[in-house]
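**Student:** So that you have it, the file is input_37.cif, and it contains mmCIF, C-alpha atoms:
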data_entry
#
loop_
_atom_site.label_atom_id
_atom_site.label_comp_id
_atom_site.auth_asym_id
_atom_site.auth_seq_id
_atom_site.Cartn_x
_atom_site.Cartn_y
_atom_site.Cartn_z
CA MET A 1 12.41 111.67 36.25
CA ALA A 2 9.03 110.26 35.43
CA GLU A 3 7.65 110.64 31.96
CA ILE A 4 4.54 112.83 31.94
CA VAL A 5 1.52 112.13 29.76
CA ASP A 6 -0.92 115.03 29.66
CA ALA A 7 -4.27 113.55 28.68
CA ARG A 8 -6.41 116.30 30.16
CA GLY A 9 -9.39 117.29 28.05
CA LEU A 10 -9.04 114.37 25.66
CA SER A 11 -12.04 112.15 25.04
CA CYS A 12 -12.17 108.37 25.21
CA PRO A 13 -10.09 106.39 24.29
CA GLU A 14 -7.24 108.87 23.80
CA PRO A 15 -6.00 108.96 27.43
CA VAL A 16 -5.62 105.18 27.33
CA LEU A 17 -4.00 105.28 23.88
CA LEU A 18 -1.44 107.86 25.04
CA THR A 19 -0.73 105.88 28.21
CA LEU A 20 -0.20 102.67 26.28
CA GLU A 21 2.10 104.48 23.83
CA ALA A 22 4.22 105.71 26.73
CA ILE A 23 4.27 102.23 28.27
CA LYS A 24 5.44 100.76 24.99
CA ARG A 25 8.10 103.44 24.60
CA LEU A 26 9.52 103.11 28.11
CA ASP A 27 9.09 99.40 28.78
CA LYS A 28 9.76 100.12 32.48
CA GLY A 29 10.18 103.01 34.86
CA GLU A 30 7.72 105.62 36.05
CA ILE A 31 4.98 107.46 34.20
CA GLU A 32 2.66 110.17 35.46
CA ILE A 33 -0.59 110.63 33.62
CA LEU A 34 -2.75 113.72 34.00
CA VAL A 35 -6.47 113.26 33.37
CA ASP A 36 -9.51 115.34 34.22
CA THR A 37 -12.43 112.95 34.48
CA ASP A 38 -13.16 109.98 36.74
CA THR A 39 -13.84 107.88 33.67
CA SER A 40 -10.35 108.53 32.33
CA LYS A 41 -8.85 107.87 35.76
CA GLU A 42 -10.49 104.45 35.89
CA ASN A 43 -9.73 103.60 32.27
CA VAL A 44 -6.06 104.57 32.50
CA SER A 45 -5.60 102.70 35.80
CA ARG A 46 -7.28 99.61 34.38
CA ALA A 47 -5.17 99.68 31.21
CA ALA A 48 -1.90 100.19 33.13
CA SER A 49 -2.68 97.32 35.50
CA SER A 50 -3.49 95.04 32.60
CA MET A 51 -0.04 95.80 31.13
CA GLY A 52 1.60 94.74 34.38
CA TRP A 53 2.29 98.24 35.69
CA SER A 54 1.47 99.04 39.30
CA ILE A 55 -0.58 102.06 40.32
CA GLU A 56 1.71 103.86 42.74
CA ASP A 57 -0.47 106.81 43.58
CA ILE A 58 -3.53 108.72 42.44
CA SER A 59 -3.71 112.30 43.68
CA THR A 60 -6.15 115.04 42.85
CA GLU A 61 -4.70 117.91 40.92
CA GLY A 62 -6.84 120.92 40.15
CA THR A 63 -10.16 119.47 39.04
CA GLY A 64 -8.52 116.29 37.77
CA TYR A 65 -6.09 113.58 38.78
CA ARG A 66 -2.41 112.72 38.59
CA ILE A 67 -1.89 108.99 38.25
CA LYS A 68 1.57 107.56 38.98
CA ILE A 69 2.29 104.18 37.49
CA LYS A 70 5.47 102.15 37.79
CA LYS A 71 7.17 99.03 36.55
CA GLU A 72 10.52 97.76 37.81
CA MET B 73 -19.42 106.74 49.00
CA ASP B 74 -16.10 105.60 47.65
CA ALA B 75 -17.11 101.95 47.78
CA VAL B 76 -20.13 102.71 45.61
CA LYS B 77 -17.93 104.75 43.36
CA ASN B 78 -15.48 101.95 42.78
CA PHE B 79 -17.94 99.08 42.69
CA PHE B 80 -19.58 100.03 39.38
CA ALA B 81 -16.20 100.48 37.74
CA THR B 82 -15.38 96.84 38.48
CA ARG B 83 -16.10 93.90 36.22
CA LYS B 84 -18.82 92.70 38.54
CA GLY B 85 -20.32 96.18 38.66
CA ILE B 86 -20.66 96.61 34.92
CA ILE B 87 -22.05 93.10 34.50
CA ILE B 88 -24.76 93.88 37.04
CA VAL B 89 -25.59 97.11 35.22
CA GLY B 90 -25.82 95.19 31.92
CA LEU B 91 -28.12 92.61 33.50
CA ILE B 92 -30.40 95.29 34.93
CA ILE B 93 -30.70 97.10 31.59
CA GLY B 94 -31.23 93.76 29.81
CA ILE B 95 -34.14 92.98 32.13
CA LEU B 96 -35.69 96.47 32.19
CA ALA B 97 -35.76 96.98 28.41
CA PRO B 98 -37.98 94.01 27.55
CA ILE B 99 -40.20 94.90 30.52
CA LEU B 100 -40.70 98.39 29.06
CA GLN B 101 -41.77 96.65 25.86
CA LYS B 102 -44.20 94.48 27.82
CA LEU B 103 -45.59 97.64 29.40
CA GLY B 104 -46.24 99.28 26.06
CA ASN B 105 -43.05 100.33 24.26
CA PRO B 106 -42.76 99.22 20.61
CA PRO B 107 -41.53 95.67 19.89
CA ASN B 108 -37.78 95.07 20.32
CA MET B 109 -37.63 98.74 21.24
CA GLY B 110 -37.83 98.67 25.01
CA ILE B 111 -34.95 101.04 24.74
CA CYS B 112 -33.53 102.54 21.55
CA VAL B 113 -31.70 105.80 21.96
CA ALA B 114 -31.80 106.60 18.24
CA CYS B 115 -35.48 105.72 17.80
CA MET B 116 -36.45 107.56 20.96
CA GLU B 117 -34.57 110.72 19.97
CA ARG B 118 -36.25 110.42 16.58
CA ASP B 119 -39.63 110.27 18.33
CA ILE B 120 -38.68 113.38 20.32
CA ALA B 121 -37.83 115.17 17.07
CA GLY B 122 -41.31 114.19 15.89
CA ALA B 123 -43.01 115.31 19.11
CA LEU B 124 -41.43 118.72 18.64
CA GLY B 125 -42.52 118.87 15.00
CA PHE B 126 -38.99 118.87 13.56
CA HIS B 127 -40.24 116.16 11.26
CA ARG B 128 -43.85 115.25 10.59
CA ALA B 129 -43.74 111.48 10.22
CA SER B 130 -47.06 110.92 11.97
CA VAL B 131 -46.25 107.45 13.30
CA VAL B 132 -43.12 108.44 15.25
CA GLN B 133 -44.06 111.39 17.44
CA TYR B 134 -43.68 111.03 21.20
CA LEU B 135 -41.56 112.90 23.70
CA ARG B 136 -39.92 109.79 25.16
CA PRO B 137 -39.42 110.13 28.93
CA GLU B 138 -36.66 107.49 28.89
CA ILE B 139 -34.27 109.90 27.12
CA ILE B 140 -35.09 112.64 29.63
CA GLY B 141 -34.48 110.13 32.43
CA PHE B 142 -31.12 109.07 30.99
CA VAL B 143 -29.80 112.63 31.02
CA LEU B 144 -31.30 113.65 34.35
CA GLY B 145 -30.30 110.38 36.04
CA ALA B 146 -26.71 110.82 34.91
CA PHE B 147 -26.87 114.47 35.94
CA LEU B 148 -28.11 113.71 39.48
CA SER B 149 -25.60 110.91 39.87
CA ALA B 150 -22.72 113.12 38.70
CA ILE B 151 -23.78 115.93 41.04
CA ALA B 152 -24.19 113.58 44.01
CA LEU B 153 -20.75 112.02 43.55
CA LYS B 154 -18.99 115.25 42.60
CA GLU B 155 -18.29 114.15 39.04
CA PHE B 156 -20.20 116.97 37.39
CA ARG B 157 -17.67 118.82 35.23
CA PRO B 158 -18.92 121.59 32.93
CA ARG B 159 -16.79 121.35 29.83
CA GLY B 160 -16.80 121.79 26.08
CA GLY B 161 -15.07 123.13 23.03
CA SER B 162 -13.60 120.00 21.45
CA ALA B 163 -14.54 120.40 17.77
CA PRO B 164 -18.25 121.01 18.48
CA PHE B 165 -19.40 121.40 14.89
CA ILE B 166 -17.62 118.21 13.80
CA ARG B 167 -19.38 116.42 16.66
CA PHE B 168 -22.70 117.87 15.48
CA ILE B 169 -22.12 116.52 11.96
CA LEU B 170 -21.10 113.13 13.36
CA GLY B 171 -24.35 113.12 15.35
CA VAL B 172 -26.41 113.88 12.25
CA PHE B 173 -24.84 111.05 10.25
CA ALA B 174 -24.88 108.64 13.18
CA MET B 175 -28.65 109.09 13.30
CA ILE B 176 -29.04 108.75 9.53
CA GLY B 177 -27.09 105.47 9.60
CA ALA B 178 -29.08 104.22 12.58
CA LEU B 179 -32.38 105.01 10.87
CA VAL B 180 -31.32 103.19 7.69
CA PHE B 181 -30.87 100.10 9.86
CA LEU B 182 -33.66 101.05 12.30
CA GLY B 183 -31.93 101.06 15.64
CA CYS B 184 -29.04 102.22 17.77
CA PRO B 185 -26.50 99.74 19.19
CA TRP B 186 -28.78 99.11 22.18
CA ARG B 187 -31.67 98.21 19.91
CA THR B 188 -29.34 96.11 17.73
CA LEU B 189 -28.76 93.92 20.78
CA LEU B 190 -32.43 94.05 21.80
CA ARG B 191 -33.57 93.11 18.29
CA LEU B 192 -31.21 90.15 18.34
CA ALA B 193 -32.42 89.23 21.81
CA GLY B 194 -35.98 89.31 20.45
CA GLY B 195 -35.02 86.86 17.69
CA ASP B 196 -34.70 89.34 14.81
CA GLY B 197 -32.07 87.78 12.53
CA ASN B 198 -31.78 90.94 10.41
CA ALA B 199 -30.02 92.54 13.35
CA ILE B 200 -27.07 90.18 12.77
CA PHE B 201 -26.21 92.28 9.72
CA GLY B 202 -26.65 95.46 11.70
CA LEU B 203 -24.37 94.14 14.41
CA LEU B 204 -21.72 93.13 11.86
CA GLY B 205 -21.95 96.60 10.33
CA LEU B 206 -21.66 98.22 13.75
CA VAL B 207 -18.53 96.24 14.58
CA PHE B 208 -17.04 96.98 11.15
CA GLY B 209 -17.76 100.70 11.54
CA ILE B 210 -16.15 100.74 14.99
CA TRP B 211 -13.17 98.80 13.60
CA LEU B 212 -12.78 101.50 10.94
CA GLY B 213 -12.89 104.10 13.70
CA THR B 214 -10.10 102.33 15.59
CA ARG B 215 -7.89 102.49 12.49
CA PHE B 216 -8.23 106.29 12.53
CA LEU B 217 -7.60 106.39 16.29
CA LYS B 218 -4.45 104.32 15.86
CA ALA B 219 -3.27 106.73 13.17
CA GLY B 220 -3.59 109.68 15.55
CA TYR B 221 -7.21 110.79 15.07
CA SER B 222 -8.36 113.29 17.67
CA LEU B 223 -11.03 115.94 18.03
CA GLY B 224 -8.73 117.90 20.32
CA ARG B 225 -8.94 118.89 23.94
CA THR B 226 -12.07 120.03 25.67
CA GLN B 227 -11.92 122.96 28.07
CA LEU B 228 -13.16 122.83 31.62
CA SER B 229 -15.44 125.77 32.13
CA GLN B 230 -15.59 128.05 35.13
CA SER B 231 -19.24 128.64 34.35
CA LYS B 232 -21.67 125.91 35.36
CA ALA B 233 -24.07 127.06 32.63
CA ILE B 234 -22.14 125.29 29.89
CA GLY B 235 -22.79 121.94 31.56
CA LEU B 236 -26.26 122.71 32.88
CA GLY B 237 -27.73 123.62 29.50
CA PHE B 238 -28.61 120.16 28.26
CA PRO B 239 -29.92 118.74 31.57
CA LEU B 240 -32.06 121.89 31.92
CA LEU B 241 -33.37 121.47 28.38
CA MET B 242 -34.39 117.91 29.28
CA PHE B 243 -36.03 119.14 32.47
CA GLY B 244 -37.93 121.72 30.43
CA LEU B 245 -39.10 119.01 28.02
CA LEU B 246 -40.28 116.96 30.99
CA ILE B 247 -42.37 119.87 32.25
CA LEU B 248 -43.78 120.31 28.75
CA LEU B 249 -44.68 116.62 28.59
CA LEU B 250 -46.44 116.81 31.97
CA ILE B 251 -48.50 119.90 31.18
CA ASP B 252 -49.26 118.95 27.59
CA PRO B 253 -50.41 115.31 27.52
CA GLN B 254 -52.01 113.68 24.50
CA PRO B 255 -55.71 114.58 24.26
CA GLU B 256 -57.79 111.42 23.90
CA GLY B 257 -57.78 110.32 20.26
CA GLU B 258 -55.95 113.39 19.01
CA ALA B 259 -52.49 113.79 17.51
CA ARG B 260 -51.74 117.22 18.90
CA GLY B 261 -51.64 118.67 22.36
CA MET B 262 -51.25 122.39 22.96
CA LEU B 263 -47.76 122.23 21.48
CA LEU B 264 -46.53 118.66 21.31
CA PHE B 265 -47.21 116.25 18.49
CA TYR B 266 -48.36 112.72 19.23
CA SER B 267 -48.98 109.56 17.20
CA LEU B 268 -52.36 107.87 16.88
CA LYS B 269 -50.82 104.71 15.41
CA GLY B 270 -47.40 103.18 14.81
CA PRO B 271 -44.41 103.07 17.17
CA GLY B 272 -45.02 106.61 18.41
CA SER B 273 -48.38 105.55 19.83
CA GLN B 274 -46.84 102.64 21.71
CA HIS B 275 -45.37 103.52 25.02
CA ALA B 276 -45.15 102.40 28.61
CA PRO B 277 -46.86 104.63 31.22
CA LEU B 278 -45.04 107.95 31.48
CA PHE B 279 -43.83 107.64 35.07
CA ILE B 280 -42.58 104.09 34.59
CA SER B 281 -40.62 105.15 31.49
CA LEU B 282 -39.21 108.10 33.36
CA ALA B 283 -38.29 106.01 36.41
CA VAL B 284 -36.55 103.36 34.31
CA GLY B 285 -34.75 106.12 32.42
CA LEU B 286 -33.54 107.66 35.68
CA ILE B 287 -32.38 104.32 37.08
CA ILE B 288 -30.47 103.50 33.89
CA GLY B 289 -29.07 107.05 33.75
CA ILE B 290 -27.67 106.69 37.26
CA LEU B 291 -26.28 103.18 36.72
CA ALA B 292 -24.75 104.02 33.36
CA GLN B 293 -23.14 107.17 34.71
CA ARG B 294 -21.55 105.18 37.53
CA SER B 295 -20.39 102.31 35.33
CA ARG B 296 -19.52 104.29 32.14
CA PHE B 297 -21.64 101.77 30.22
CA CYS B 298 -21.01 102.19 26.47
CA THR B 299 -22.00 99.84 23.66
CA MET B 300 -19.57 101.38 21.17
CA GLY B 301 -16.73 101.43 23.69
CA ALA B 302 -17.38 97.75 24.37
CA PHE B 303 -16.33 96.77 20.86
CA ARG B 304 -13.76 99.54 20.49
CA ASP B 305 -11.82 98.55 23.60
CA LEU B 306 -11.95 94.91 22.59
CA ILE B 307 -10.57 95.70 19.14
CA LEU B 308 -8.12 98.42 20.16
CA PHE B 309 -6.81 97.18 23.52
CA LYS B 310 -8.13 93.59 23.76
CA GLN B 311 -9.88 94.90 26.88
CA GLY B 312 -13.13 93.14 27.69
CA HIS B 313 -14.35 95.32 30.57
CA LEU B 314 -17.11 97.25 28.78
CA PHE B 315 -17.87 94.24 26.59
CA SER B 316 -18.83 92.17 29.61
CA GLY B 317 -21.52 94.79 30.27
CA ILE B 318 -23.18 94.47 26.88
CA ALA B 319 -22.80 90.68 26.91
CA ALA B 320 -24.70 90.68 30.20
CA LEU B 321 -27.36 92.97 28.70
CA PHE B 322 -27.80 90.61 25.74
CA VAL B 323 -28.10 87.45 27.84
CA ALA B 324 -30.50 89.08 30.29
CA ALA B 325 -32.64 90.44 27.44
CA ILE B 326 -32.93 87.05 25.73
CA ILE B 327 -33.98 85.35 28.95
CA THR B 328 -36.44 88.12 29.84
CA ASN B 329 -37.90 88.01 26.31
CA ILE B 330 -38.38 84.24 26.51
CA VAL B 331 -40.02 84.55 29.93
CA LEU B 332 -42.35 87.31 28.68
CA GLY B 333 -43.15 85.48 25.42
CA GLN B 334 -41.45 88.15 23.32
CA PHE B 335 -38.87 85.92 21.63
CA ASN B 336 -39.79 85.30 17.97
CA PRO B 337 -36.83 84.02 15.95
CA GLY B 338 -36.70 84.64 12.20
CA PHE B 339 -35.93 87.12 9.44
CA GLU B 340 -39.30 87.85 7.88
CA LYS B 341 -41.95 90.15 9.33
CA GLN B 342 -39.80 91.22 12.25
CA PRO B 343 -41.21 94.29 14.00
CA ILE B 344 -39.93 97.70 12.86
CA ALA B 345 -37.22 96.09 10.76
CA HIS B 346 -36.48 95.36 7.12
CA SER B 347 -34.54 92.63 5.37
CA MET B 348 -32.36 94.65 2.99
CA GLN B 349 -29.23 93.21 4.55
CA LEU B 350 -26.64 95.26 2.65
CA TRP B 351 -28.24 98.43 4.00
CA ASN B 352 -28.69 96.99 7.45
CA PHE B 353 -24.93 96.42 7.36
CA LEU B 354 -23.89 99.73 5.78
CA GLY B 355 -26.33 101.82 7.83
CA MET B 356 -24.78 100.53 11.03
CA THR B 357 -21.27 100.80 9.56
CA LEU B 358 -21.95 104.51 9.19
CA ALA B 359 -23.43 104.77 12.69
CA GLY B 360 -20.61 102.74 14.27
CA LEU B 361 -17.93 104.83 12.59
CA ALA B 362 -19.61 108.07 13.66
CA PHE B 363 -19.95 106.82 17.27
CA ALA B 364 -16.31 105.74 17.34
CA LEU B 365 -15.12 109.08 15.96
CA ALA B 366 -17.28 110.92 18.51
CA GLY B 367 -16.10 108.76 21.43
CA GLY B 368 -19.33 107.17 22.57
CA CYS B 369 -22.54 105.37 21.63
CA PRO B 370 -25.71 107.50 21.63
CA GLY B 371 -26.59 106.39 25.15
CA ARG B 372 -23.15 107.22 26.48
CA GLN B 373 -23.33 110.65 24.81
CA LEU B 374 -26.51 111.35 26.79
CA PHE B 375 -24.89 110.24 30.06
CA MET B 376 -21.82 112.39 29.37
CA ALA B 377 -24.09 115.32 28.54
CA GLY B 378 -25.64 114.78 31.97
CA GLU B 379 -22.15 114.94 33.49
CA GLY B 380 -21.69 118.41 32.03
CA ASP B 381 -20.03 117.54 28.73
CA SER B 382 -21.49 120.07 26.30
CA ASP B 383 -19.71 118.42 23.36
CA ALA B 384 -21.69 115.25 24.02
CA ALA B 385 -24.80 117.43 24.23
CA ILE B 386 -24.00 118.78 20.79
CA PHE B 387 -23.63 115.25 19.42
CA ALA B 388 -27.03 114.34 20.88
CA THR B 389 -28.54 117.50 19.38
CA GLY B 390 -26.98 116.50 16.05
CA MET B 391 -28.75 113.16 16.32
CA ILE B 392 -32.12 114.84 16.90
CA VAL B 393 -31.52 117.09 13.88
CA GLY B 394 -30.35 114.05 11.93
CA ALA B 395 -33.67 112.36 12.68
CA ALA B 396 -35.53 115.34 11.26
CA VAL B 397 -33.35 115.30 8.13
CA ALA B 398 -33.82 111.54 7.77
CA HIS B 399 -37.63 111.71 7.91
CA ASN B 400 -38.05 114.95 5.97
CA PHE B 401 -35.97 113.78 3.02
CA GLY B 402 -36.82 110.10 2.74
CA LEU B 403 -33.62 108.69 4.23
CA ALA B 404 -35.16 106.69 7.05
CA SER B 405 -36.16 103.07 6.48
CA SER B 406 -39.51 101.48 7.21
CA PRO B 407 -40.57 97.83 7.44
CA ALA B 408 -41.00 98.05 3.62
CA GLY B 409 -37.27 98.70 3.18
CA ILE B 410 -34.90 101.64 2.96
CA GLY B 411 -36.18 105.12 2.11
CA PRO B 412 -35.85 106.47 -1.46
CA ASN B 413 -32.74 108.46 -0.54
CA GLY B 414 -31.40 106.20 2.21
CA ALA B 415 -28.71 104.56 0.11
CA VAL B 416 -27.18 107.75 -1.22
CA ALA B 417 -27.27 109.39 2.21
CA THR B 418 -25.49 106.41 3.74
CA ILE B 419 -22.71 106.60 1.16
CA ILE B 420 -22.35 110.37 1.53
CA GLY B 421 -22.22 109.90 5.29
CA LEU B 422 -19.51 107.27 5.04
CA ILE B 423 -17.42 109.52 2.79
CA ILE B 424 -17.79 112.48 5.15
CA CYS B 425 -16.92 110.40 8.21
CA VAL B 426 -13.82 109.04 6.48
CA ILE B 427 -12.77 112.60 5.59
CA ILE B 428 -13.26 113.62 9.25
CA GLY B 429 -11.26 110.57 10.32
CA LEU B 430 -8.40 111.45 8.00
CA THR B 431 -8.24 115.17 8.67
CA MET B 432 -8.72 115.52 12.43
CA ARG B 433 -5.29 114.65 13.81
CA ARG B 434 -3.49 114.83 17.11
CA ARG B 435 -0.20 115.66 15.41
#
Before we go any further, please render this structure as structure tokens.
**Tutor:**
Amino acid sequence: MAEIVDARGLSCPEPVLLTLEAIKRLDKGEIEILVDTDTSKENVSRAASSMGWSIEDISTEGTGYRIKIKKE
Amino acid sequence: MDAVKNFFATRKGIIIVGLIIGILAPILQKLGNPPNMGICVACMERDIAGALGFHRASVVQYLRPEIIGFVLGAFLSAIALKEFRPRGGSAPFIRFILGVFAMIGALVFLGCPWRTLLRLAGGDGNAIFGLLGLVFGIWLGTRFLKAGYSLGRTQLSQSKAIGLGFPLLMFGLLILLLIDPQPEGEARGMLLFYSLKGPGSQHAPLFISLAVGLIIGILAQRSRFCTMGAFRDLILFKQGHLFSGIAALFVAAIITNIVLGQFNPGFEKQPIAHSMQLWNFLGMTLAGLAFALAGGCPGRQLFMAGEGDSDAAIFATGMIVGAAVAHNFGLASSPAGIGPNGAVATIIGLIICVIIGLTMRRR
């Protein structure tokens, strides 16, 4: 099961901070991050990529996005 | 549409936005805006506070169309690309207070982060101390963020009104500006206050200011341009994305200033600046900390307000009120130096921001 980070409604840079915390905690595997602005979507994706995680999928969910990231 | 959407979020995209702003700001100065103040969100909001009579400092009263353009440009861009999201409710009063003190700090130094860069790009060495203070203040903010600082979650609103309020207010101010221009040689229109001398009397033609404001509002909304975030992400994540935008702004502004003959290096007699370096540093420390705790530089707050973020609108309103406080009670600096109560206000502001940083926690 993927770890879920709910960053909806949080202002910059908290979505990225929470994502990086989860990345540090898990080291590898799958994480799903929920965000509700395009800015957060871009920031989280950029941060995950820079940590060597791949963006598996970005789907819209409600008025926001669900970002799936993965590292083998 | 998606290609446009993604382009400005790329490294190349934000560098281009920085270059455009860096060229446009000195041109606004050439066309009439005050020296090294082609764009200054803090100064321009302060001038708006003066135009509305919230303070009566006669030299800084003008309803700056650039600010209106920033908000409306971001608003139109967000609507067009379906990014308009009415939201609010994340510690609004704390954000208001942060806005007030951000403005007080900025007016002790005499500039927002944008003007800090533009002053440097115009050769004003005093801005080095402001920049150092800004970075130190943002660094302090990142310490709180690392320790779990948070203003809590915002709520998406079903009602559009919550996000439309601030853009509509700006639209209303634009109408007011158009129907109530400055009468020749007079400091008062029907309602609005104007300046006969000083920075408030210096401005580019209205429609050029408005157009540049709209262009920057659109570009900044697309690219998420943020001067505070530039340093914050560098310090917190070693992420240089936003920083490349402000670096581009700085380089473009220096070159444009040299081309236009507006580059005058030195420390003494710099325009709308003082040389009390401790207070240049501490004023911007206060501003930088307040921006970091509120999640955006004053420009970014305007763009977010345009996207429907009513918390950002409250921060911007706090800054306008802060300008009134700063000029009514002798906190704002002038070329002669800091105001009689500027030092004590800066220290009180720093204490209050630290208390906010320590007490607002995620867990």
**Student:** With distances taken over only C-alpha atoms, which residue among B:Gln254, B:Ser316, B:Ser162, B:Gln349 lies nearest Ser382 of chain B?
**Tutor:**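 The shortest atom-to-atom distance to Ser382 of chain B comes from B:Ser162.
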**Student:** Counting only C-alpha atoms, write as a ChimeraX atom specification all protein and nucleic acid residues lying at most 12 Å from (-3.1, 114.8, 40.4) in the file's frame.
**Tutor:** /A:4-8,32-38,41,57-68
**Student:** I'd like the neighbourhood of Leu10 of chain A as a VMD selection string, where a residue qualifies if any of its atoms comes within 7 Å (using all atoms listed in the file), though same-chain residues fewer than 6 positions away should be ignored.
**Tutor:** chain B and resid 224 to 226
**Student:** Which is closer to Lys70 of chain A than all the others in A:Val44, A:Leu20, A:Ala2, A:Cys12, using all atoms listed in the file?
**Tutor:**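 Of A:Val44, A:Leu20, A:Ala2, A:Cys12, the one nearest Lys70 of chain A is A:Ala2, counting all atoms listed in the file.
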**Student:** Pick out the closest residue to chain A from this set: B:Gly197, B:Pro343, B:Gly355, B:Gly380. Count only C-alpha atoms.
**Tutor:**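 The closest residue to chain A is B:Gly380.
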**Student:** At most 8 Å from (-1.2, 105.5, 28.2), file frame, all atoms listed in the file: which residues, as a list of chain:residue names?
**Tutor:**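 Final list of nearby residues, as requested, is A:Val5, A:Pro15, A:Val16, A:Leu17, A:Leu18, A:Thr19, A:Leu20, A:Glu21, A:Ala22, A:Ile23, A:Ile33, A:Val44, A:Ala47, A:Ala48.
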**Student:** Those selected residues, please, written with C-alpha atoms and delivered as a compact mmCIF listing (two decimals), in the coordinates of the input.
**Tutor:**
# COMPACT_ATOMS: atom_id res chain seq x y z
CA VAL A 5 1.52 112.13 29.76
CA PRO A 15 -6.00 108.96 27.43
CA VAL A 16 -5.62 105.18 27.33
CA LEU A 17 -4.00 105.28 23.88
CA LEU A 18 -1.44 107.86 25.04
CA THR A 19 -0.73 105.88 28.21
CA LEU A 20 -0.20 102.67 26.28
CA GLU A 21 2.10 104.48 23.83
CA ALA A 22 4.22 105.71 26.73
CA ILE A 23 4.27 102.23 28.27
CA ILE A 33 -0.59 110.63 33.62
CA VAL A 44 -6.06 104.57 32.50
CA ALA A 47 -5.17 99.68 31.21
CA ALA A 48 -1.90 100.19 33.13
**Student:** Any chance you could tabulate, as JSON lines, the residues of chain B at most 10 Å from chain A with each one's nearest atom pair and distance in Å to one decimal, using all atoms listed in the file, in chain and rising number order?
**Tutor:**
{"residue": "B:Lys77", "atom": "CA", "partner": "A:Asp38", "partner_atom": "CA", "distance": 9.7}
{"residue": "B:Asn78", "atom": "CA", "partner": "A:Glu42", "partner_atom": "CA", "distance": 8.9}
{"residue": "B:Ala81", "atom": "CA", "partner": "A:Glu42", "partner_atom": "CA", "distance": 7.2}
{"residue": "B:Thr82", "atom": "CA", "partner": "A:Glu42", "partner_atom": "CA", "distance": 9.4}
{"residue": "B:Lys154", "atom": "CA", "partner": "A:Asp38", "partner_atom": "CA", "distance": 9.8}
{"residue": "B:Glu155", "atom": "CA", "partner": "A:Asp38", "partner_atom": "CA", "distance": 7.0}
{"residue": "B:Phe156", "atom": "CA", "partner": "A:Thr37", "partner_atom": "CA", "distance": 9.2}
{"residue": "B:Arg157", "atom": "CA", "partner": "A:Thr37", "partner_atom": "CA", "distance": 7.9}
{"residue": "B:Arg159", "atom": "CA", "partner": "A:Gly9", "partner_atom": "CA", "distance": 8.6}
{"residue": "B:Gly160", "atom": "CA", "partner": "A:Gly9", "partner_atom": "CA", "distance": 8.9}
{"residue": "B:Gly161", "atom": "CA", "partner": "A:Gly9", "partner_atom": "CA", "distance": 9.6}
{"residue": "B:Ser162", "atom": "CA", "partner": "A:Gly9", "partner_atom": "CA", "distance": 8.3}
{"residue": "B:Thr214", "atom": "CA", "partner": "A:Pro13", "partner_atom": "CA", "distance": 9.6}
{"residue": "B:Leu217", "atom": "CA", "partner": "A:Glu14", "partner_atom": "CA", "distance": 7.9}
{"residue": "B:Lys218", "atom": "CA", "partner": "A:Leu17", "partner_atom": "CA", "distance": 8.1}
{"residue": "B:Gly220", "atom": "CA", "partner": "A:Glu14", "partner_atom": "CA", "distance": 9.1}
{"residue": "B:Tyr221", "atom": "CA", "partner": "A:Glu14", "partner_atom": "CA", "distance": 8.9}
{"residue": "B:Ser222", "atom": "CA", "partner": "A:Glu14", "partner_atom": "CA", "distance": 7.6}
{"residue": "B:Leu223", "atom": "CA", "partner": "A:Ser11", "partner_atom": "CA", "distance": 8.0}
{"residue": "B:Gly224", "atom": "CA", "partner": "A:Leu10", "partner_atom": "CA", "distance": 6.4}
{"residue": "B:Arg225", "atom": "CA", "partner": "A:Gly9", "partner_atom": "CA", "distance": 4.4}
{"residue": "B:Thr226", "atom": "CA", "partner": "A:Gly9", "partner_atom": "CA", "distance": 4.5}
{"residue": "B:Gln227", "atom": "CA", "partner": "A:Gly9", "partner_atom": "CA", "distance": 6.2}
{"residue": "B:Leu228", "atom": "CA", "partner": "A:Gly9", "partner_atom": "CA", "distance": 7.6}
{"residue": "B:Gln293", "atom": "CA", "partner": "A:Thr39", "partner_atom": "CA", "distance": 9.4}
{"residue": "B:Arg294", "atom": "CA", "partner": "A:Thr39", "partner_atom": "CA", "distance": 9.0}
{"residue": "B:Ser295", "atom": "CA", "partner": "A:Thr39", "partner_atom": "CA", "distance": 8.8}
{"residue": "B:Arg296", "atom": "CA", "partner": "A:Thr39", "partner_atom": "CA", "distance": 6.9}
{"residue": "B:Gly301", "atom": "CA", "partner": "A:Pro13", "partner_atom": "CA", "distance": 8.3}
{"residue": "B:Arg304", "atom": "CA", "partner": "A:Pro13", "partner_atom": "CA", "distance": 8.7}
{"residue": "B:Asp305", "atom": "CA", "partner": "A:Pro13", "partner_atom": "CA", "distance": 8.1}
{"residue": "B:Leu308", "atom": "CA", "partner": "A:Leu17", "partner_atom": "CA", "distance": 8.8}
{"residue": "B:Phe309", "atom": "CA", "partner": "A:Ala47", "partner_atom": "CA", "distance": 8.3}
{"residue": "B:Gln311", "atom": "CA", "partner": "A:Ala47", "partner_atom": "CA", "distance": 8.0}
{"residue": "B:His313", "atom": "CA", "partner": "A:Arg46", "partner_atom": "CA", "distance": 9.1}
{"residue": "B:Ala364", "atom": "CA", "partner": "A:Cys12", "partner_atom": "CA", "distance": 9.3}
{"residue": "B:Leu365", "atom": "CA", "partner": "A:Cys12", "partner_atom": "CA", "distance": 9.7}
{"residue": "B:Ala366", "atom": "CA", "partner": "A:Ser11", "partner_atom": "CA", "distance": 8.5}
{"residue": "B:Gly367", "atom": "CA", "partner": "A:Cys12", "partner_atom": "CA", "distance": 5.5}
{"residue": "B:Gly368", "atom": "CA", "partner": "A:Cys12", "partner_atom": "CA", "distance": 7.7}
{"residue": "B:Glu379", "atom": "CA", "partner": "A:Thr37", "partner_atom": "CA", "distance": 10.0}
{"residue": "B:Arg434", "atom": "CA", "partner": "A:Glu14", "partner_atom": "CA", "distance": 9.7}
